[in-house]
Amino acid sequence: MRVPDSGGEASGRQAILDALAGMGFIECVTHSLVSLKAAGHFLLEGELPLTIDDDRATAEPALRPSIIPSLLTVRKHNDDNGVKHLGLVELGSVFVLNGNTHTERIELAIVLDTKEEDGIGEIRGVINRVCNILTANNDISITLSDVATWLEPGGDISYQGSVLGRVGRLSSTIQKEWDLPSTVHVAQLYLGDLLASFPPEVQSHALPKQPAIERDISILVDENVQWVALHNSIEALNLEHLVDILFVTTFRGKNIEQGKKSLTLKLRFRDADRTLTHEEVNDPASSAIQMLVDTFSAEIRS
């Protein structure tokens, strides 16, 4: 008996949608046509909507440039019927016109209504999981970007130097346009290439034999300081025995000055051949702290 081959785009799609269903998201299947007004909200500079010439589609003649407007309509319909706190997803084709050339690509659209302070963290976790399924690693970064006018704030999702999509809080203008009562966070991931190469090559490594020593560092920094900048600056120090730089949490609120945030990170130190002493970790940890103070004007929280 021959075992059938696994993998390919169909398997990748199913793996993503299964994982999202397990996280409580509802998969939607919406119409690919939207109104010109709805399409116009989700076009980048230089892009135009791709329309069809059909008398039956006069109200919605544009092929969707993003699935987000369709999911917002679904979200509004559910809200009108008393359904709150929904997570919606759809995986499908989107279309834009650049000059005389039209582009079609596969978009995974995610709509999540959640608390303002939790939204980015929650949807970032979803993005990490989806990308881990398709790439078998966590080499994903998000950098602030104002390219997508429908996001405020918004960021570019990058994988190995290439922009994979966008994520952020839906702008107040578009939230009012769809008459949505709660804060909405959205993500758009363009997954065509990653789906085509599914499943990813998985590399196994032996578990470390020696225990690690960890140091938590809590700092006060300006609101505009990004985690990726902190991470990369510490990594550039090439600290001896440092094996991981981990984000722990961010806090804003009482006792935190306006325009500041409290951020906690974890440094993990390990030697491959022996157990480190706390004294050996003191100097590299202190170097990281001093760099944060000098470079980012960080205040160390005890």
# chains A, B, ... in the order shown; residues from 1 in each chain; ligands from 1
$ closest_atom_pairs --of "range 194-278 of chain A" --to "range 119-131 of chain A" --cutoff "10 Å" --atoms "only C-alpha atoms" --output "Markdown table"
| residue | atom | partner | partner_atom | distance |
| --- | --- | --- | --- | --- |
| A:Leu194 | CA | A:Cys131 | CA | 8.9 |
| A:Thr249 | CA | A:Gly121 | CA | 9.5 |
| A:Thr250 | CA | A:Gly121 | CA | 9.6 |
$ write_last_selection --atoms "C-alpha atoms" --output "PDB file, in the first residue's frame"
ATOM      1  CA  LEU A 194       4.629  30.020   2.018  1.00  0.00           C
ATOM      2  CA  THR A 249       5.315  42.189  29.254  1.00  0.00           C
ATOM      3  CA  THR A 250       4.506  45.854  28.745  1.00  0.00           C
TER       4      THR A 250
END
$ residues_around --residues "Gly161 in chain A" --least-positions-apart "6" --cutoff "12 Å" --atoms "only C-alpha atoms" --output "MDAnalysis selection string"
chainID A and resid 139:143
$ write_last_selection --atoms "C-alpha atoms" --output "JSON list (two decimals), in the first residue's frame"
[["chain", "number", "residue", "atom", "x", "y", "z"],
["A", 139, "ASP", "CA", 11.65, 34.64, 12.61],
["A", 140, "ILE", "CA", 8.82, 37.19, 12.40],
["A", 141, "SER", "CA", 9.20, 40.90, 13.07],
["A", 142, "ILE", "CA", 6.73, 43.78, 13.15],
["A", 143, "THR", "CA", 7.84, 47.35, 12.53]]
$ residues_around --residues "Ile174 in chain A" --least-positions-apart "2" --cutoff "12 Å" --atoms "only C-alpha atoms" --output "PyMOL selection string"
chain A and resi 37-42+68-69+72-73+149-152+169-172+176-181+183-186
$ closest_residue --among "A:Asn78, A:Glu116, A:Gln226, A:Arg64" --to "Glu104 in chain A" --atoms "only C-alpha atoms"
A:Arg64
$ atom_distance --atom1 "CA of Ile213 in chain A" --atom2 "CA of Ala288 in chain A"
15.1 Å
